[in-house]
>>> print(open('protein.cif').read())   # mmCIF, C-alpha atoms
data_work
loop_
_atom_site.label_atom_id
_atom_site.label_comp_id
_atom_site.auth_asym_id
_atom_site.auth_seq_id
_atom_site.Cartn_x
_atom_site.Cartn_y
_atom_site.Cartn_z
CA MET A 1 -2.03 14.49 4.09
CA MET A 2 -0.43 11.11 4.65
CA THR A 3 2.01 10.40 7.43
CA LYS A 4 5.02 8.22 6.84
CA PRO A 5 4.30 4.49 6.93
CA VAL A 6 5.80 2.57 9.83
CA PHE A 7 7.68 -0.65 9.11
CA ILE A 8 8.95 -3.41 11.35
CA THR A 9 11.21 -6.30 10.46
CA ILE A 10 9.53 -9.33 11.92
CA GLY A 11 8.85 -12.88 10.80
CA GLY A 12 11.81 -12.75 8.43
CA LYS A 13 10.83 -9.69 6.42
CA GLU A 14 10.08 -6.01 6.60
CA ARG A 15 6.36 -5.46 7.06
CA ARG A 16 4.24 -2.36 7.15
CA LEU A 17 2.10 -1.78 10.23
CA ARG A 18 -1.21 -0.32 9.16
CA TYR A 19 -4.30 0.46 11.20
CA ASP A 20 -7.80 1.61 10.35
CA ILE A 21 -11.14 1.90 12.14
CA ASN A 22 -12.10 -1.70 11.39
CA SER A 23 -8.85 -3.16 12.70
CA ALA A 24 -9.15 -0.89 15.77
CA ALA A 25 -12.65 -2.17 16.49
CA GLU A 26 -11.57 -5.79 16.06
CA MET A 27 -8.58 -5.25 18.35
CA GLU A 28 -10.79 -3.69 21.03
CA GLU A 29 -13.17 -6.66 20.82
CA LEU A 30 -10.26 -9.09 21.20
CA MET A 31 -9.03 -7.14 24.23
CA GLY A 32 -12.36 -7.66 25.93
CA GLY A 33 -13.66 -4.20 25.18
CA LYS A 34 -10.62 -2.30 26.51
CA SER A 35 -10.27 0.86 24.50
CA LEU A 36 -7.27 1.33 22.27
CA LEU A 37 -6.60 4.62 24.01
CA TYR A 38 -6.30 2.84 27.36
CA VAL A 39 -3.90 0.25 26.00
CA MET A 40 -1.85 2.82 24.07
CA SER A 41 -1.41 4.99 27.15
CA ASN A 42 0.49 2.17 28.82
CA PRO A 43 1.46 -0.56 26.35
CA MET A 44 4.07 -2.12 28.64
CA ALA A 45 1.46 -2.70 31.34
CA ALA A 46 -0.98 -4.02 28.75
CA GLY A 47 1.09 -7.19 28.54
CA PHE A 48 1.87 -9.76 25.88
CA SER A 49 -1.68 -10.57 24.84
CA ALA A 50 -2.47 -6.91 24.13
CA ILE A 51 0.76 -6.35 22.19
CA ARG A 52 0.12 -9.53 20.22
CA ILE A 53 -3.39 -8.30 19.36
CA LEU A 54 -2.07 -4.85 18.37
CA LEU A 55 0.62 -6.36 16.19
CA TRP A 56 -1.94 -8.66 14.56
CA GLY A 57 -4.17 -5.65 13.90
CA GLY A 58 -1.32 -3.85 12.14
CA LEU A 59 -0.25 -6.81 9.99
CA LYS A 60 -3.56 -8.27 8.88
CA HIS A 61 -4.06 -5.74 6.05
CA ALA A 62 -1.11 -7.31 4.23
CA GLU A 63 -1.56 -10.92 5.26
CA LYS A 64 -5.14 -12.06 4.95
CA GLY A 65 -6.02 -14.75 7.45
CA ILE A 66 -2.98 -14.23 9.68
CA THR A 67 -3.70 -15.72 13.12
CA LEU A 68 -2.85 -14.51 16.61
CA GLN A 69 -0.81 -17.70 17.05
CA ARG A 70 1.27 -16.88 13.97
CA VAL A 71 1.82 -13.35 15.25
CA GLY A 72 2.86 -14.76 18.64
CA LEU A 73 5.47 -16.95 16.94
CA MET A 74 6.76 -13.92 15.03
CA MET A 75 7.04 -12.03 18.33
CA GLN A 76 8.91 -14.96 19.86
CA GLU A 77 11.42 -14.99 16.99
CA TYR A 78 11.75 -11.21 17.23
CA MET A 79 12.62 -11.41 20.94
CA GLU A 80 14.99 -14.35 20.44
CA ALA A 81 16.81 -12.37 17.75
CA GLY A 82 17.46 -9.63 20.30
CA GLY A 83 14.41 -7.44 19.79
CA SER A 84 12.82 -5.94 22.89
CA PHE A 85 9.22 -5.84 24.00
CA GLY A 86 9.49 -2.07 24.47
CA GLU A 87 10.80 -1.64 20.94
CA LEU A 88 7.88 -3.64 19.58
CA ALA A 89 5.38 -1.62 21.60
CA GLY A 90 7.05 1.57 20.39
CA ARG A 91 6.76 0.71 16.69
CA ILE A 92 3.12 -0.26 17.16
CA GLY A 93 2.46 3.01 18.98
CA GLU A 94 4.09 5.00 16.18
CA ALA A 95 2.02 3.23 13.56
CA ILE A 96 -1.24 3.75 15.44
CA LYS A 97 -0.45 7.44 15.89
CA ALA A 98 0.44 7.74 12.21
CA SER A 99 -2.88 6.16 11.22
CA LYS A 100 -4.79 9.09 12.75
CA ILE A 101 -7.57 6.74 13.93
CA MET A 102 -7.07 8.11 17.43
CA GLY A 103 -7.51 11.66 16.18
CA GLU A 104 -4.96 14.38 16.69
CA SER A 105 -4.74 14.02 20.47
CA LEU A 106 -2.07 11.32 20.25
CA ALA A 107 -0.31 12.73 17.22
CA GLY A 108 1.21 15.59 19.17
CA GLU A 109 4.44 17.22 18.11
CA GLU A 110 5.26 14.89 15.24
CA ASP A 111 2.91 16.90 13.06
CA THR A 112 5.20 19.91 13.02
CA GLU A 113 7.34 18.14 10.42
CA GLU A 114 6.76 19.33 6.89
CA GLU A 115 4.06 17.29 5.18
CA THR A 116 5.69 16.51 1.86
CA ASP A 117 4.51 13.28 0.41
CA GLU A 118 5.19 12.91 -3.29
CA GLY A 119 4.94 9.45 -4.76
CA ASN A 120 4.31 7.49 -1.56
CA GLU A 121 1.58 4.82 -1.70
#
>>> encode(input="protein.cif", output="structure tokens")
Amino acid sequence: MMTKPVFITIGGKERRLRYDINSAAEMEELMGGKSLLYVMSNPMAAGFSAIRILLWGGLKHAEKGITLQRVGLMMQEYMEAGGSFGELAGRIGEAIKASKIMGESLAGEEDTEEETDEGNE
């Protein structure tokens, strides 16, 4: 059962946000050991550094060697183009929930949708 992939248009193109256990562990390390669950429960309070780390974690599967600095520049462009911090946090949250790395606790109601998934991936 695959959930729908989550995309964000940032850095001049549409990119897929994808998370797995390894990226989650790396993100937690970068956040000084703060758990992903803690940050996800209040992403707005987590601040720019946490959102930048979470965004990096979701993009690095597609762009090997992408740096936090590069991701920060992408965020800057995103905001300057009229994107909001809350919107960014929301997309990241959706993608992390969709990844199922947090288990079902965060997935909640979205799982009542019918799970048809022909030809994706």
>>> atom_distance(input="protein.cif", atom1="atom CA of A:Gly90", atom2="atom CA of A:Gln76")
16.6 Å
>>> closest_residue(input="protein.cif", among="A:Lys13, A:Lys34, A:Met75, A:Asn22", to="A:Ala46", atoms="only C-alpha atoms")
A:Lys34
>>> resolve_selection(input="protein.cif", expression="the PyMOL selection byres ((chain A and resi 54) around 10)", output="ChimeraX atom specification")
/A:17,19,23-24,26-28,30-31,36,39-40,43,48-53,55-59,68,71,89,92-93,96
>>> closest_residue(input="protein.cif", among="A:Tyr38, A:Ala98, A:Lys60, A:Phe85", to="A:Val6", atoms="all atoms listed in the file")
A:Ala98
>>> atom_distance(input="protein.cif", atom1="atom CA of A:Arg18", atom2="atom CA of A:Gly65")
15.3 Å
>>> atom_distance(input="protein.cif", atom1="atom CA of A:Lys4", atom2="atom CA of A:Gly82")
25.6 Å
>>> closest_residue(input="protein.cif", among="A:Thr67, A:Asn42, A:Ser99, A:Ser84", to="A:Arg16", atoms="all atoms listed in the file")
A:Ser99
>>> closest_residue(input="protein.cif", among="A:Gly11, A:Gly103, A:Gly47, A:Pro5", to="A:Glu80", atoms="all atoms listed in the file")
A:Gly11
